[in-house]
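J.: Quick one: this structure, given as structure tokens, is what I'll be asking you about.
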Amino acid sequence: MHLTVTTPRGYLVQAEVDEISAPGALGEFGILPGHIPFMSVLKPGVLSYRGKDGLKQLAVGDGILQVARVSDGDKIDVLVNRGEHGKDVDRQAAERELGAADAELAKSKAESMAELKPLQDRRAWAAAQVDASDRTNAH
């Protein structure tokens, strides 16, 4: 399977992979060769993939994933608003950001989802970075 992960800044991953696990909006899901074609909305979390170089972890933000069958195999395209390799995460900075976002959410007096959304997005991205760092360092 050919995996491409793209952010607004360009390609983050272009690799041949054997399996993928992604943070879908309705829950985490896996993709193996021969998977049916489909699309899914992604939420911030950890996208994992296994290729010839072993298991890799990416922190990803909101986005979409599409699985397509092409003549030479399966193609998985991931478009996310941001992403970072787990090995490149500054864990201490991500933990500080997560703590700060949690504190702001706890004291927030937001009266609408529109007011809460930026804080929730900030917290979700920091949590994805911490989780990707943890998973990378566990392997």
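A note on labels: chains of the structure tokens are A, B, ... as shown, every chain counts residues from 1, and ligands are counted from 1 in their shown order.
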Extract the full set of strand (DSSP E) residues from chain A according to DSSP on the backbone, and format it as a PyMOL selection string.
T.: chain A and resi 2-7+10-24+27-31+38-42+45-51+54-60+63-70+73-80+83-85
J.: I want to know what sits within 12 Å of Lys117 of chain A, based on only C-alpha atoms, with residues of the same chain fewer than 5 positions away left out; could you give that as a list in words?
T.: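 Answer for this query is Ala101, Leu105, Ser108, Ala110, Glu111, Ser112, Arg122, Arg123 and Ala124 of chain A.
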J.: What does the structure give for the distance between atom CA of Val17 of chain A and atom CA of Val130 of chain A, in Å to one decimal?
T.: 23.7 Å
J.: If you count only C-alpha atoms, which residues fall within 12 Å of Asp134 of chain A, apart from same-chain ones fewer than 5 positions away, as a PyMOL selection string?
T.: chain A and resi 46+56-59+85-92+94-95+127-129+139
J.: Which of these, A:Ile36, A:Thr6, A:Asn137, A:Gly30, has the shortest distance to Asp74 of chain A once you count only C-alpha atoms?
T.: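 Looking at the shortest contact to Asp74 of chain A, the residue is A:Ile36.
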J.: Tell me which of A:Arg9, A:His35, A:Arg82, A:His2 sits closest to Val60 of chain A, counting only C-alpha atoms.
T.: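 Between A:Arg9, A:His35, A:Arg82, A:His2, the residue approaching Val60 of chain A most closely is A:Arg82.
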J.: List the neighbours of Gly51 of chain A out to 12 Å using only C-alpha atoms; skip same-chain residues closer than 3 positions along the sequence, and give me the result as a PDB file with N, CA, C and O atoms, in the first residue's frame.
T.:
```
ATOM      1  N   MET A   1       0.857  -1.166   0.000  1.00  0.00           N
ATOM      2  CA  MET A   1       0.000   0.000   0.000  1.00  0.00           C
ATOM      3  C   MET A   1       0.904   1.229   0.000  1.00  0.00           C
ATOM      4  O   MET A   1       1.914   1.253   0.697  1.00  0.00           O
ATOM      5  N   HIS A   2       0.490   2.209  -0.752  1.00  0.00           N
ATOM      6  CA  HIS A   2       1.260   3.453  -0.771  1.00  0.00           C
ATOM      7  C   HIS A   2       0.541   4.494   0.082  1.00  0.00           C
ATOM      8  O   HIS A   2      -0.613   4.835  -0.174  1.00  0.00           O
ATOM      9  N   LEU A   3       1.230   4.992   1.127  1.00  0.00           N
ATOM     10  CA  LEU A   3       0.685   5.988   2.039  1.00  0.00           C
ATOM     11  C   LEU A   3       1.317   7.341   1.751  1.00  0.00           C
ATOM     12  O   LEU A   3       2.538   7.458   1.652  1.00  0.00           O
ATOM     13  N   VAL A  13       4.789  12.278   4.845  1.00  0.00           N
ATOM     14  CA  VAL A  13       5.131  10.866   4.631  1.00  0.00           C
ATOM     15  C   VAL A  13       4.779  10.480   3.208  1.00  0.00           C
ATOM     16  O   VAL A  13       3.710  10.849   2.712  1.00  0.00           O
ATOM     17  N   GLN A  14       5.661   9.745   2.586  1.00  0.00           N
ATOM     18  CA  GLN A  14       5.412   9.036   1.335  1.00  0.00           C
ATOM     19  C   GLN A  14       6.122   7.711   1.502  1.00  0.00           C
ATOM     20  O   GLN A  14       7.356   7.663   1.478  1.00  0.00           O
ATOM     21  N   ALA A  15       5.359   6.629   1.708  1.00  0.00           N
ATOM     22  CA  ALA A  15       5.988   5.351   2.032  1.00  0.00           C
ATOM     23  C   ALA A  15       5.119   4.182   1.599  1.00  0.00           C
ATOM     24  O   ALA A  15       3.897   4.294   1.522  1.00  0.00           O
ATOM     25  N   GLU A  16       5.781   3.071   1.352  1.00  0.00           N
ATOM     26  CA  GLU A  16       5.095   1.803   1.150  1.00  0.00           C
ATOM     27  C   GLU A  16       4.899   1.192   2.526  1.00  0.00           C
ATOM     28  O   GLU A  16       5.857   1.101   3.310  1.00  0.00           O
ATOM     29  N   VAL A  17       3.669   0.807   2.852  1.00  0.00           N
ATOM     30  CA  VAL A  17       3.349   0.324   4.190  1.00  0.00           C
ATOM     31  C   VAL A  17       2.557  -0.974   4.119  1.00  0.00           C
ATOM     32  O   VAL A  17       1.933  -1.296   3.107  1.00  0.00           O
ATOM     33  N   ASP A  18       2.583  -1.696   5.233  1.00  0.00           N
ATOM     34  CA  ASP A  18       1.855  -2.957   5.343  1.00  0.00           C
ATOM     35  C   ASP A  18       0.561  -2.818   6.130  1.00  0.00           C
ATOM     36  O   ASP A  18      -0.353  -3.630   5.980  1.00  0.00           O
ATOM     37  N   GLU A  19       0.497  -1.806   7.002  1.00  0.00           N
ATOM     38  CA  GLU A  19      -0.714  -1.573   7.791  1.00  0.00           C
ATOM     39  C   GLU A  19      -0.720  -0.151   8.314  1.00  0.00           C
ATOM     40  O   GLU A  19       0.313   0.489   8.449  1.00  0.00           O
ATOM     41  N   ILE A  20      -1.935   0.320   8.606  1.00  0.00           N
ATOM     42  CA  ILE A  20      -2.130   1.681   9.111  1.00  0.00           C
ATOM     43  C   ILE A  20      -3.202   1.645  10.192  1.00  0.00           C
ATOM     44  O   ILE A  20      -4.175   0.896  10.091  1.00  0.00           O
ATOM     45  N   LEU A  32      -5.566  -2.641   6.208  1.00  0.00           N
ATOM     46  CA  LEU A  32      -4.636  -3.658   5.719  1.00  0.00           C
ATOM     47  C   LEU A  32      -4.769  -3.733   4.203  1.00  0.00           C
ATOM     48  O   LEU A  32      -5.760  -3.252   3.642  1.00  0.00           O
ATOM     49  N   SER A  48      -0.574   5.649  13.030  1.00  0.00           N
ATOM     50  CA  SER A  48       0.555   4.716  13.061  1.00  0.00           C
ATOM     51  C   SER A  48       0.607   3.965  11.743  1.00  0.00           C
ATOM     52  O   SER A  48      -0.433   3.665  11.155  1.00  0.00           O
ATOM     53  N   GLY A  54       9.863  -0.484  10.051  1.00  0.00           N
ATOM     54  CA  GLY A  54       9.235  -0.717  11.342  1.00  0.00           C
ATOM     55  C   GLY A  54       8.036   0.188  11.573  1.00  0.00           C
ATOM     56  O   GLY A  54       7.522   0.826  10.661  1.00  0.00           O
ATOM     57  N   LEU A  55       7.614   0.244  12.826  1.00  0.00           N
ATOM     58  CA  LEU A  55       6.427   1.003  13.211  1.00  0.00           C
ATOM     59  C   LEU A  55       6.782   2.477  13.407  1.00  0.00           C
ATOM     60  O   LEU A  55       7.741   2.798  14.103  1.00  0.00           O
ATOM     61  N   LYS A  56       5.990   3.355  12.812  1.00  0.00           N
ATOM     62  CA  LYS A  56       6.175   4.809  12.929  1.00  0.00           C
ATOM     63  C   LYS A  56       4.895   5.422  13.467  1.00  0.00           C
ATOM     64  O   LYS A  56       3.795   4.924  13.208  1.00  0.00           O
ATOM     65  N   GLN A  57       5.056   6.531  14.196  1.00  0.00           N
ATOM     66  CA  GLN A  57       3.928   7.232  14.805  1.00  0.00           C
ATOM     67  C   GLN A  57       3.939   8.691  14.356  1.00  0.00           C
ATOM     68  O   GLN A  57       4.987   9.325  14.365  1.00  0.00           O
TER      69      GLN A  57
END
```
J.: Pick out the residues sitting within 6 Å of Val67 of chain A, and hand them over as a VMD selection string; count only C-alpha atoms, and ignore anything fewer than 4 positions along from it in its own chain.
T.: chain A and resid 37 to 38 75 to 76
J.: From a backbone DSSP assignment, name each residue in chain A labelled alpha helix (DSSP H), as a VMD selection string.
T.: chain A and resid 91 to 107 113 to 138
J.: Between A:Ala25, A:Ala68, A:Ala132, A:Leu79, single out the one closest to Tyr49 of chain A, counting only C-alpha atoms.
T.: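 Using only C-alpha atoms, Tyr49 of chain A sits closest to A:Ala132.
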J.: Just how far from atom CA of Gly61 of chain A is atom CA of Met39 of chain A, in Å to one decimal?
T.: 16.3 Å
J.: Provide the atom CA of Gly34 of chain A to atom CA of Asp72 of chain A distance in Å, to one decimal place.
T.: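 Between atom CA of Gly34 of chain A and atom CA of Asp72 of chain A the gap works out to 11.6 Å.
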